[in-house]
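Okay, my_file27.csv is below, CSV, C-alpha atoms:
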chain,number,residue,atom,x,y,z
A,536,MET,CA,-25.2,38.4,16.9
A,537,THR,CA,-26.1,40.3,13.7
A,538,HIS,CA,-28.6,39.2,11.2
A,539,ASP,CA,-25.9,38.3,8.7
A,540,GLU,CA,-24.0,36.2,11.3
A,541,ALA,CA,-27.2,34.3,12.2
A,542,SER,CA,-28.0,33.7,8.5
A,543,GLY,CA,-24.5,32.4,7.9
A,544,GLY,CA,-24.7,30.1,10.9
A,545,ARG,CA,-28.0,28.7,9.7
A,546,THR,CA,-26.5,28.2,6.2
A,547,GLY,CA,-23.5,26.4,7.6
A,548,THR,CA,-25.7,24.2,9.8
A,549,ALA,CA,-27.9,23.2,6.8
A,550,SER,CA,-24.8,22.5,4.7
A,551,ALA,CA,-23.3,20.3,7.4
A,552,ARG,CA,-26.6,18.5,7.9
A,553,ALA,CA,-26.9,17.9,4.1
A,554,ARG,CA,-23.4,16.4,4.0
A,555,ALA,CA,-24.1,14.2,7.0
A,556,ALA,CA,-27.3,13.0,5.3
A,557,LEU,CA,-25.4,12.2,2.0
A,558,ASP,CA,-22.8,10.3,4.0
A,559,ALA,CA,-25.5,8.4,5.8
A,560,LEU,CA,-27.2,7.4,2.5
A,561,GLU,CA,-23.8,6.2,1.3
A,562,HIS,CA,-23.4,4.1,4.4
A,563,LEU,CA,-26.9,2.7,4.1
A,564,LEU,CA,-26.4,1.7,0.5
A,565,ALA,CA,-23.0,0.1,1.3
A,566,GLY,CA,-24.6,-1.7,4.2
A,567,MET,CA,-27.3,-3.0,1.9
A,568,GLY,CA,-24.6,-4.6,-0.2
A,569,THR,CA,-23.1,-6.4,2.7
A,570,ALA,CA,-26.7,-7.3,3.9
A,571,LEU,CA,-27.3,-9.0,0.5
A,572,LEU,CA,-24.2,-11.0,1.1
A,573,ALA,CA,-25.3,-11.7,4.7
A,574,LEU,CA,-28.6,-13.0,3.4
A,575,LEU,CA,-26.9,-15.5,1.1
A,576,ALA,CA,-24.6,-16.6,4.0
A,577,ALA,CA,-27.7,-16.9,6.3
A,578,LEU,CA,-29.5,-19.0,3.7
A,579,TRP,CA,-26.4,-21.2,3.3
A,580,LEU,CA,-26.3,-21.6,7.1
A,581,ALA,CA,-30.0,-22.5,7.1
A,582,LEU,CA,-29.4,-25.1,4.4
A,583,THR,CA,-26.5,-26.5,6.4
A,584,THR,CA,-28.7,-26.8,9.5
A,585,VAL,CA,-31.4,-28.6,7.5
A,586,ALA,CA,-28.8,-30.9,6.0
A,587,CYS,CA,-27.6,-31.8,9.5
A,588,LEU,CA,-30.9,-33.5,10.0
A,589,ALA,CA,-30.1,-35.7,7.0
A,590,GLY,CA,-26.6,-36.4,8.4
A,591,VAL,CA,-24.7,-34.5,5.7
A,592,GLY,CA,-24.6,-31.1,7.2
A,593,LEU,CA,-21.2,-31.5,8.8
A,594,LEU,CA,-19.7,-31.7,5.3
A,595,LEU,CA,-21.3,-28.3,4.4
A,596,LEU,CA,-20.4,-26.6,7.7
A,597,PRO,CA,-16.8,-25.5,6.9
A,598,SER,CA,-18.0,-23.8,3.8
A,599,ALA,CA,-20.9,-22.1,5.6
A,600,LEU,CA,-18.6,-20.8,8.3
A,601,HIS,CA,-16.0,-19.7,5.8
A,602,ALA,CA,-18.8,-17.7,3.9
A,603,THR,CA,-19.9,-16.2,7.2
A,604,ARG,CA,-16.4,-15.1,8.1
A,605,ALA,CA,-15.8,-13.6,4.6
A,606,VAL,CA,-19.0,-11.5,4.8
A,607,ALA,CA,-18.3,-10.5,8.4
A,608,ASP,CA,-14.8,-9.3,7.3
A,609,ARG,CA,-16.3,-7.2,4.5
A,610,GLU,CA,-18.5,-5.6,7.1
A,611,ARG,CA,-15.6,-5.0,9.4
A,612,THR,CA,-13.8,-3.3,6.5
A,613,ARG,CA,-16.8,-1.2,5.7
A,614,LEU,CA,-17.3,-0.1,9.3
A,615,SER,CA,-13.6,0.6,9.8
A,616,ARG,CA,-13.7,3.2,6.9
A,617,TRP,CA,-16.4,5.2,8.8
A,618,GLY,CA,-15.3,4.8,12.4
A,619,PRO,CA,-13.1,2.9,14.8
A,620,GLN,CA,-11.3,0.0,13.3
A,621,LEU,CA,-12.7,-3.5,13.7
A,622,ILE,CA,-10.0,-6.2,13.7
A,623,SER,CA,-10.8,-9.6,12.4
A,624,PRO,CA,-10.4,-12.4,15.0
A,625,PRO,CA,-8.0,-15.3,14.6
A,626,ASP,CA,-9.1,-18.2,12.4
A,627,PRO,CA,-11.5,-20.5,14.1
A,628,PRO,CA,-10.1,-23.8,15.6
A,629,PRO,CA,-10.2,-26.8,13.3
A,630,GLY,CA,-13.1,-29.2,13.6
A,631,PRO,CA,-16.9,-28.4,13.4
A,632,ARG,CA,-17.5,-28.8,17.1
A,633,ALA,CA,-14.6,-26.6,18.1
A,634,ALA,CA,-15.5,-24.0,15.5
A,635,LEU,CA,-19.1,-23.7,16.6
A,636,SER,CA,-18.0,-23.4,20.3
A,637,ASP,CA,-15.7,-20.4,19.3
A,638,ARG,CA,-17.2,-17.2,20.7
A,639,ALA,CA,-16.3,-15.1,17.7
A,640,VAL,CA,-17.9,-17.6,15.3
A,641,ARG,CA,-21.2,-17.6,17.3
A,642,ARG,CA,-21.2,-13.8,17.3
A,643,GLU,CA,-20.7,-13.7,13.5
A,644,ILE,CA,-23.6,-16.1,13.0
A,645,ARG,CA,-25.8,-13.9,15.1
A,646,TRP,CA,-24.7,-10.8,13.1
A,647,VAL,CA,-25.3,-12.5,9.8
A,648,CYS,CA,-28.9,-13.3,10.7
A,649,ALA,CA,-29.6,-9.8,12.1
A,650,HIS,CA,-27.9,-7.9,9.3
A,651,ALA,CA,-29.6,-10.0,6.6
A,652,LEU,CA,-33.0,-8.8,7.9
A,653,PHE,CA,-32.6,-5.4,9.5
A,654,GLY,CA,-29.6,-4.3,7.6
A,655,LEU,CA,-31.3,-5.1,4.3
A,656,LEU,CA,-34.5,-3.4,5.4
A,657,LEU,CA,-32.7,-0.2,6.4
A,658,GLY,CA,-30.6,-0.2,3.2
A,659,LEU,CA,-33.8,-0.5,1.1
A,660,ILE,CA,-35.2,2.5,3.0
A,661,GLY,CA,-32.1,4.4,2.3
A,662,ALA,CA,-32.3,3.6,-1.4
A,663,THR,CA,-36.0,4.3,-1.7
A,664,LEU,CA,-36.2,7.6,0.1
A,665,PRO,CA,-34.0,9.6,-2.4
A,666,LEU,CA,-35.9,8.1,-5.4
A,667,SER,CA,-39.2,8.9,-3.8
A,668,ALA,CA,-38.1,12.5,-3.1
A,669,ALA,CA,-36.9,12.9,-6.7
A,670,HIS,CA,-40.2,11.5,-8.0
A,671,ASP,CA,-42.3,13.8,-6.0
A,672,ILE,CA,-40.3,17.0,-6.4
A,673,THR,CA,-40.3,16.7,-10.2
A,674,PHE,CA,-43.9,15.5,-10.3
A,675,PRO,CA,-45.4,18.7,-11.8
A,676,LEU,CA,-43.2,18.4,-14.8
A,677,TYR,CA,-44.8,15.2,-16.1
A,678,TRP,CA,-47.9,14.3,-14.2
A,679,ARG,CA,-50.3,15.4,-17.0
A,680,PHE,CA,-48.7,12.8,-19.3
A,681,LEU,CA,-49.4,9.9,-16.9
A,682,PRO,CA,-52.5,7.7,-16.9
A,683,GLU,CA,-54.9,8.7,-14.2
A,684,SER,CA,-54.3,5.5,-12.2
A,685,GLU,CA,-50.5,6.3,-12.1
A,686,ALA,CA,-50.7,10.0,-11.3
A,687,THR,CA,-49.9,9.5,-7.7
A,688,ALA,CA,-47.2,10.4,-5.2
A,689,ALA,CA,-44.3,8.0,-4.7
A,690,LEU,CA,-46.0,6.6,-1.7
A,691,GLY,CA,-49.4,6.4,-3.5
A,692,TRP,CA,-51.3,8.5,-0.9
A,693,TRP,CA,-53.8,10.0,-3.4
A,694,THR,CA,-54.5,10.4,-7.1
A,695,VAL,CA,-53.7,13.7,-8.7
A,696,ARG,CA,-56.3,15.3,-10.9
A,697,ASP,CA,-55.4,19.0,-10.9
A,698,TRP,CA,-52.5,21.4,-10.3
A,699,PRO,CA,-53.1,21.9,-6.6
A,700,GLY,CA,-52.8,18.1,-6.2
A,701,ALA,CA,-49.5,18.1,-8.2
A,702,LEU,CA,-48.1,20.9,-6.1
A,703,ALA,CA,-49.1,19.0,-3.0
A,704,VAL,CA,-47.1,16.0,-4.3
A,705,THR,CA,-44.1,18.4,-4.6
A,706,LEU,CA,-44.6,19.5,-1.0
A,707,SER,CA,-44.5,15.8,0.0
A,708,GLY,CA,-41.2,15.4,-1.8
A,709,VAL,CA,-39.8,18.3,0.1
A,710,LEU,CA,-40.9,16.7,3.4
A,711,ILE,CA,-39.2,13.5,2.3
A,712,VAL,CA,-36.0,15.4,1.8
A,713,ALA,CA,-36.3,16.9,5.2
A,714,ALA,CA,-36.9,13.5,6.6
A,715,ILE,CA,-33.8,12.2,4.9
A,716,MET,CA,-31.7,15.1,6.4
A,717,PHE,CA,-32.9,14.5,9.9
A,718,CYS,CA,-33.3,10.7,9.9
A,719,ALA,CA,-30.7,9.2,7.6
A,720,PRO,CA,-27.8,9.5,10.0
A,721,ALA,CA,-29.8,7.7,12.7
A,722,LEU,CA,-30.8,5.0,10.2
A,723,ALA,CA,-27.1,4.5,9.3
A,724,ARG,CA,-26.1,4.3,12.9
A,725,LEU,CA,-28.9,1.8,13.5
A,726,GLN,CA,-27.8,-0.3,10.6
A,727,ALA,CA,-24.2,-0.3,11.8
A,728,TRP,CA,-25.0,-1.1,15.4
A,729,PRO,CA,-25.2,-4.9,15.2
A,730,GLY,CA,-21.8,-5.0,13.4
A,731,ARG,CA,-20.2,-2.7,16.0
A,732,ARG,CA,-21.6,-4.8,18.8
A,733,LEU,CA,-21.2,-8.3,17.5
A,734,LEU,CA,-18.1,-8.1,15.2
A,735,ALA,CA,-15.9,-6.2,17.6
A,736,PRO,CA,-13.1,-8.3,19.1
A,737,ASP,CA,-13.3,-9.5,22.6
A,738,PRO,CA,-11.6,-7.3,25.2
A,739,GLY,CA,-7.8,-7.8,25.1
A,740,THR,CA,-7.8,-9.1,21.5
A,741,ASP,CA,-6.6,-5.8,20.2
A,742,LEU,CA,-3.7,-5.9,22.7
A,743,VAL,CA,-2.8,-9.5,21.8
A,744,LEU,CA,-2.8,-8.8,18.1
A,745,ARG,CA,-0.8,-5.6,18.6
A,746,VAL,CA,1.8,-7.5,20.6
A,747,ALA,CA,2.0,-10.1,17.9
A,748,GLU,CA,2.3,-7.4,15.3
A,749,LEU,CA,5.0,-5.6,17.2
A,750,THR,CA,6.9,-8.9,17.7
A,751,ALA,CA,6.9,-9.5,14.0
A,752,THR,CA,7.9,-5.9,13.3
A,753,ARG,CA,10.8,-6.2,15.7
A,754,ALA,CA,11.9,-9.4,14.0
A,755,ALA,CA,11.7,-7.6,10.6
A,756,ALA,CA,13.7,-4.7,12.0
A,757,LEU,CA,16.4,-7.1,13.2
A,758,ASP,CA,16.5,-8.9,9.9
A,759,ALA,CA,16.7,-5.7,8.0
A,760,HIS,CA,19.5,-4.5,10.2
A,761,ALA,CA,21.4,-7.7,9.8
A,762,THR,CA,20.9,-7.7,6.0
A,763,GLU,CA,22.2,-4.1,5.9
A,764,LEU,CA,25.3,-5.0,7.9
A,765,ARG,CA,26.0,-8.0,5.6
A,766,ARG,CA,25.6,-5.7,2.5
A,767,VAL,CA,28.0,-3.1,3.9
A,768,GLU,CA,30.5,-5.9,5.0
A,769,ARG,CA,30.4,-7.4,1.5
A,770,ALA,CA,30.8,-4.0,-0.1
A,771,LEU,CA,33.8,-3.2,2.0
A,772,HIS,CA,35.3,-6.7,1.8
A,773,ASP,CA,34.8,-7.4,-1.9
A,774,GLY,CA,35.5,-3.9,-3.1
A,775,THR,CA,37.3,-1.4,-0.9
A,776,GLN,CA,39.4,-3.9,1.0
A,777,ASN,CA,40.7,-5.5,-2.2
A,778,ARG,CA,41.6,-2.0,-3.5
A,779,ILE,CA,43.5,-1.1,-0.4
A,780,VAL,CA,45.4,-4.5,-0.5
A,781,ALA,CA,46.3,-3.7,-4.1
A,782,VAL,CA,47.6,-0.3,-3.0
A,783,THR,CA,49.7,-1.9,-0.3
A,784,VAL,CA,51.2,-4.4,-2.8
A,785,LEU,CA,51.9,-1.7,-5.4
A,786,LEU,CA,53.6,0.5,-2.8
A,787,GLY,CA,55.8,-2.4,-1.8
A,788,ALA,CA,56.7,-3.0,-5.4
A,789,ALA,CA,57.5,0.7,-5.8
A,790,ARG,CA,59.9,0.6,-2.8
A,791,ARG,CA,61.8,-2.3,-4.3
A,792,ALA,CA,61.8,-0.7,-7.7
A,793,LEU,CA,63.3,2.5,-6.3
A,794,THR,CA,66.6,0.7,-5.6
A,795,ARG,CA,66.7,-1.1,-9.0
A,796,ASN,CA,64.9,1.0,-11.6
A,797,PRO,CA,63.5,4.4,-10.5
A,798,GLY,CA,61.7,4.8,-13.8
A,799,GLU,CA,59.6,1.7,-13.2
A,800,ALA,CA,58.9,2.9,-9.6
A,801,ASP,CA,57.1,6.0,-11.1
A,802,ALA,CA,54.7,3.8,-13.1
A,803,VAL,CA,54.0,1.5,-10.1
A,804,LEU,CA,53.3,4.6,-7.9
A,805,GLU,CA,50.8,5.8,-10.6
A,806,ARG,CA,49.0,2.5,-10.5
A,807,ALA,CA,48.9,2.7,-6.7
A,808,GLN,CA,47.4,6.1,-6.8
A,809,GLU,CA,44.7,5.0,-9.2
A,810,ALA,CA,43.9,2.0,-7.0
A,811,ALA,CA,43.7,4.4,-4.0
A,812,GLU,CA,41.3,6.7,-5.8
A,813,GLN,CA,39.1,3.8,-6.8
A,814,ALA,CA,39.1,2.5,-3.2
A,815,LEU,CA,38.1,6.0,-2.0
A,816,ALA,CA,35.3,6.2,-4.6
A,817,GLU,CA,34.0,2.8,-3.5
A,818,LEU,CA,34.2,3.8,0.1
A,819,ARG,CA,32.2,7.0,-0.6
A,820,ALA,CA,29.6,4.9,-2.5
A,821,VAL,CA,29.2,2.6,0.6
A,822,VAL,CA,28.8,5.6,2.9
A,823,ARG,CA,26.2,7.1,0.5
A,824,SER,CA,24.3,3.9,0.5
A,825,ILE,CA,24.1,3.9,4.3
A,826,LEU,CA,23.0,7.5,4.6
A,827,PRO,CA,23.6,9.8,1.6
A,828,PRO,CA,25.0,13.2,2.6
A,829,VAL,CA,22.4,15.0,0.4
A,830,LEU,CA,19.7,13.4,2.6
A,831,ALA,CA,21.2,14.5,5.8
A,832,ASP,CA,22.2,18.0,4.6
A,833,ARG,CA,19.3,18.9,2.5
A,834,SER,CA,16.0,17.0,2.1
A,835,LEU,CA,14.4,13.8,0.9
A,836,PRO,CA,13.1,15.3,-2.4
A,837,ASP,CA,16.7,16.4,-3.2
A,838,ALA,CA,18.1,13.0,-2.4
A,839,LEU,CA,15.4,11.3,-4.6
A,840,THR,CA,16.1,13.7,-7.4
A,841,ALA,CA,19.8,12.7,-7.3
A,842,LEU,CA,18.7,9.0,-7.4
A,843,ALA,CA,16.5,9.6,-10.4
A,844,ALA,CA,19.3,11.4,-12.2
A,845,ASP,CA,21.6,8.4,-11.8
A,846,CYS,CA,19.0,5.9,-12.9
A,847,PRO,CA,19.6,4.3,-16.3
A,848,VAL,CA,15.9,4.4,-17.0
A,849,PRO,CA,14.4,7.9,-17.5
A,850,CYS,CA,12.6,8.6,-14.2
A,851,GLY,CA,10.4,11.5,-13.2
A,852,ILE,CA,10.1,12.7,-9.6
A,853,ASP,CA,6.9,14.3,-8.1
A,854,THR,CA,7.3,15.1,-4.4
A,855,ASP,CA,5.2,17.1,-1.9
A,856,VAL,CA,6.8,16.7,1.5
A,857,PRO,CA,6.4,19.8,3.6
A,858,GLY,CA,9.0,19.9,6.4
A,859,ARG,CA,11.3,17.1,7.4
A,860,CYS,CA,10.4,13.6,8.4
A,861,PRO,CA,12.3,11.6,11.1
A,862,ALA,CA,15.7,10.7,9.8
A,863,SER,CA,15.0,6.9,10.0
A,864,VAL,CA,11.8,7.4,7.9
A,865,GLU,CA,13.6,9.4,5.3
A,866,ALA,CA,16.4,6.8,5.1
A,867,THR,CA,13.9,4.0,4.7
A,868,ALA,CA,12.0,5.9,1.9
A,869,TYR,CA,15.4,6.6,0.2
A,870,PHE,CA,16.3,2.9,0.5
A,871,VAL,CA,12.9,1.9,-0.9
A,872,VAL,CA,13.2,4.2,-4.0
A,873,ALA,CA,16.9,3.2,-4.5
A,874,GLU,CA,16.1,-0.5,-4.4
A,875,ALA,CA,13.0,-0.1,-6.6
A,876,LEU,CA,14.8,1.9,-9.3
A,877,SER,CA,17.7,-0.6,-9.2
A,878,ASN,CA,15.1,-3.4,-9.8
A,879,ILE,CA,13.5,-1.4,-12.6
A,880,ALA,CA,16.9,-0.9,-14.3
A,881,LYS,CA,17.9,-4.6,-14.0
A,882,HIS,CA,14.7,-6.6,-14.5
A,883,SER,CA,11.7,-4.6,-15.9
A,884,GLY,CA,12.7,-3.6,-19.4
A,885,ALA,CA,10.9,-0.3,-18.8
A,886,ARG,CA,11.2,2.7,-21.0
A,887,GLU,CA,10.4,5.1,-18.2
A,888,ALA,CA,9.6,5.2,-14.5
A,889,GLY,CA,8.2,7.6,-12.0
A,890,VAL,CA,8.4,8.3,-8.3
A,891,VAL,CA,5.6,10.1,-6.4
A,892,VAL,CA,6.1,11.0,-2.7
A,893,ARG,CA,3.4,12.7,-0.6
A,894,ARG,CA,3.1,13.5,3.1
A,895,LEU,CA,-0.4,13.6,4.4
A,896,ASP,CA,-0.9,14.2,8.1
A,897,ASP,CA,1.3,11.6,9.9
A,898,ARG,CA,1.9,9.4,6.9
A,899,LEU,CA,4.5,9.4,4.2
A,900,TYR,CA,3.3,7.8,0.9
A,901,VAL,CA,5.8,6.6,-1.6
A,902,GLU,CA,4.8,5.2,-5.0
A,903,ILE,CA,7.2,3.9,-7.7
A,904,HIS,CA,5.8,2.9,-11.1
A,905,ASP,CA,7.2,1.8,-14.4
A,906,ASP,CA,5.9,0.7,-17.8
A,907,GLY,CA,8.0,-2.5,-18.0
A,908,HIS,CA,6.8,-6.1,-18.6
A,909,GLY,CA,5.6,-6.7,-15.0
A,910,GLY,CA,5.6,-10.0,-13.3
A,911,ALA,CA,7.6,-8.8,-10.2
A,912,ASP,CA,7.5,-11.3,-7.4
A,913,GLU,CA,8.9,-11.1,-3.9
A,914,ARG,CA,9.9,-14.8,-4.2
A,915,ASN,CA,12.3,-14.3,-7.0
A,916,GLY,CA,15.0,-12.5,-5.0
A,917,SER,CA,14.6,-9.2,-6.7
A,918,GLY,CA,15.1,-7.2,-3.5
A,919,LEU,CA,11.4,-6.8,-2.8
A,920,THR,CA,11.7,-8.9,0.4
A,921,GLY,CA,14.3,-6.4,1.7
A,922,ILE,CA,12.0,-3.5,0.9
A,923,ARG,CA,9.2,-5.2,2.8
A,924,HIS,CA,11.4,-5.9,5.8
A,925,ARG,CA,12.6,-2.3,5.9
A,926,THR,CA,9.0,-1.0,5.6
A,927,GLU,CA,7.5,-3.3,8.2
A,928,ALA,CA,10.3,-2.4,10.6
A,929,HIS,CA,8.8,1.1,10.6
A,930,ASP,CA,5.3,-0.3,11.1
A,931,GLY,CA,4.6,0.6,7.5
A,932,THR,CA,2.7,-1.2,4.7
A,933,LEU,CA,3.7,-2.3,1.2
A,934,GLU,CA,1.5,-3.0,-1.8
A,935,LEU,CA,2.7,-4.4,-5.1
A,936,ALA,CA,0.7,-4.6,-8.3
A,937,SER,CA,2.7,-6.2,-11.2
A,938,PRO,CA,0.6,-8.2,-13.6
A,939,PRO,CA,2.3,-10.0,-16.4
A,940,GLY,CA,2.7,-7.5,-19.2
A,941,GLY,CA,2.9,-4.6,-16.8
A,942,PRO,CA,2.8,-1.9,-15.6
A,943,THR,CA,4.3,-2.3,-12.1
A,944,THR,CA,3.3,-0.1,-9.2
A,945,LEU,CA,4.9,-0.3,-5.8
A,946,LYS,CA,3.2,1.6,-3.0
A,947,VAL,CA,4.8,2.1,0.5
A,948,THR,CA,3.2,3.9,3.4
A,949,LEU,CA,5.4,4.9,6.4
A,950,PRO,CA,4.2,6.5,9.7
A,951,CYS,CA,6.3,9.6,10.2
A,952,GLY,CA,4.8,11.4,13.2
A,953,SER,CA,2.6,14.4,13.4

Go through the file and emit its structure as structure tokens.
Amino acid sequence: MTHDEASGGRTGTASARARAALDALEHLLAGMGTALLALLAALWLALTTVACLAGVGLLLLPSALHATRAVADRERTRLSRWGPQLISPPDPPPGPRAALSDRAVRREIRWVCAHALFGLLLGLIGATLPLSAAHDITFPLYWRFLPESEATAALGWWTVRDWPGALAVTLSGVLIVAAIMFCAPALARLQAWPGRRLLAPDPGTDLVLRVAELTATRAAALDAHATELRRVERALHDGTQNRIVAVTVLLGAARRALTRNPGEADAVLERAQEAAEQALAELRAVVRSILPPVLADRSLPDALTALAADCPVPCGIDTDVPGRCPASVEATAYFVVAEALSNIAKHSGAREAGVVVRRLDDRLYVEIHDDGHGGADERNGSGLTGIRHRTEAHDGTLELASPPGGPTTLKVTLPCGS
């Protein structure tokens, strides 16, 4: 190995260690936030325990357990962002005695007590060390302006009276930085350890929840499939079938007119041709709504661009989808955008809309937004329920933000394979 390679390797190692230390400090500070909440929950549990001696604690117990579950769920969310996902257990059984006998509840109480003490302590250490390092490293810049009693290092080891002492304080700041780089990741892991151990679900819980989720997903897929079949049947019955019946009636009238008045037969045949052309156009529209040819022949961005061009509301398209996704995923994304733009045109009163589509790793992200008056609700029959069913049928997620007054943003995430 050459000298340059060795130097580059050391630089890369130091950079990676610095990034790990910064991440660890972020974890420690976030853990301190949940530790403060855990401290409040622990105090509420302690008050409830004392109140039980007076005979009124059972009235406070449900709120105390609810607070404990809420704080534990926030910690699960925090830990899931920086490691394996922690799934919240089912709701505790009703009744104080049954709730306290629940294994998950007892483990959450133990975690609240542990995290309120050790998590808060480690979080304070994580918050104090960077401040101490900044204080000591910059100490030579201002130590002469301090009163003699305050001219000390962050940890107050000695009083500084000359420049060598000030430089020694700076050296102590460098040592604190080194301690942060080497010790902060271990402190973050130590802070997270009680949550990883006590807030994780029991063995088999993941499987049970996943089976329940897949059962709901299958039901949503069947509902979405049935809804789509009903939509196609209505479109064919109410539109195309009626047009074809009209063509048949007009052709019969033309045959009878040929024997009586050939001139009238020509007009009837013209009407029959128009009805046939309308039936063909409606049939093509139904086919495009099932799977548009541009989606099958070209790509999802091209199909969405065509949708935006047909939307009555001016709509911008921003797509970044390298490669092709599975056909079912592209069809679902197309359906989501088509239904959302239809809702915008009918209900939002928007002046403009936008569609953003991104593929990151094995996920397809679709966002539709508009500047309308907001207030969209799945319960008002605006098609959002159908969007949710189609999304959940692919094990995807849907988020809707539509406050009164707008704007409205619909976000859909679909797994699309690697």

**Message:** I'd like the contact shell of Leu733 in chain A - 7 Å cut-off, all atoms listed in the file, skipping same-chain residues fewer than 2 positions apart - returned as a PyMOL selection string.
**Reply:** chain A and resi 642-643+646+729-731+735

**Request:** Could you jot down the CA of Ser636 in chain A to CA of Leu571 in chain A separation for me, Å, one decimal place?
**Result:**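 Going from CA of Ser636 in chain A over to CA of Leu571 in chain A, I get 26.2 Å.
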
**Prompt:** Counting all atoms listed in the file, what is within 7 Å of Leu804 in chain A, bar same-chain residues fewer than 5 positions away, as a list in words?
**Reply:** Leu785, Leu786 and Ala789 of chain A

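In terms of minimum interatomic distance to Thr569 in chain A, A:His650 ranks closest within A:His650, A:Arg638, A:Arg632, A:Arg732, counting only C-alpha atoms.
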
**Message:** Nearest residue to His929 in chain A out of A:Ile779, A:Ala911, A:Ala868, A:Ala565, using all atoms listed in the file?
**Reply:**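 That would be A:Ala868, the residue with the smallest distance to His929 in chain A.
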
**Request:** Tell me which protein, DNA and RNA residues are within 8 Å of Leu835 in chain A, counting all atoms listed in the file, leaving out same-chain ones fewer than 3 positions away, and put them as a PyMOL selection string.
**Result:** chain A and resi 830+838-839+859+865+869

**Message:** Let me make sure I understand: among A:Leu895, A:Leu722, A:Val848, A:Ala800, which one has the smallest atom-to-atom distance to Lys881 in chain A if we use all atoms listed in the file?
**Reply:** A:Val848

**Prompt:** Neighbours of range 663-672 of chain A within 12 Å (only C-alpha atoms; same-chain residues fewer than 5 positions away dropped), as a VMD selection string?
**Reply:** chain A and resid 556 to 557 559 to 561 563 to 564 567 656 to 658 677 to 678 686 to 692 695 700 to 716 718 to 719 722

**Request:** Show which residues sit within 12 Å of Ile644 in chain A, as a VMD selection string. Count only C-alpha atoms, and ignore same-chain residues fewer than 4 positions away.
**Result:** chain A and resid 573 to 574 576 to 581 599 to 607 634 to 640 648 to 651 729 to 730 733 to 734

**Distance of CA of Arg894 in chain A from CA of Val856 in chain A, expressed in Å to one decimal place** =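 Going from CA of Val856 in chain A over to CA of Arg894 in chain A covers 5.1 Å.
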
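As for CA of Cys951 in chain A and CA of Ser863 in chain A, they are spaced 9.1 Å apart.
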
**Message:** Counting all atoms listed in the file, which residue out of A:Pro849, A:Pro950, A:Gly661, A:Pro797 sits closest to Ala880 in chain A?
**Reply:**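 Ranking A:Pro849, A:Pro950, A:Gly661, A:Pro797 by distance to Ala880 in chain A, first place goes to A:Pro849.
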
**Message:** Calculated over all atoms listed in the file, which of the candidates A:Val872, A:Ala936, A:His904, A:Leu614 has the smallest distance to Ala841 in chain A?
**Reply:**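 Using all atoms listed in the file, Ala841 in chain A sits closest to A:Val872.
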
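Closest approach to Gly921 in chain A from the set A:Glu817, A:Val871, A:Glu812, A:Ala866 is made by A:Val871, with distances taken over only C-alpha atoms.
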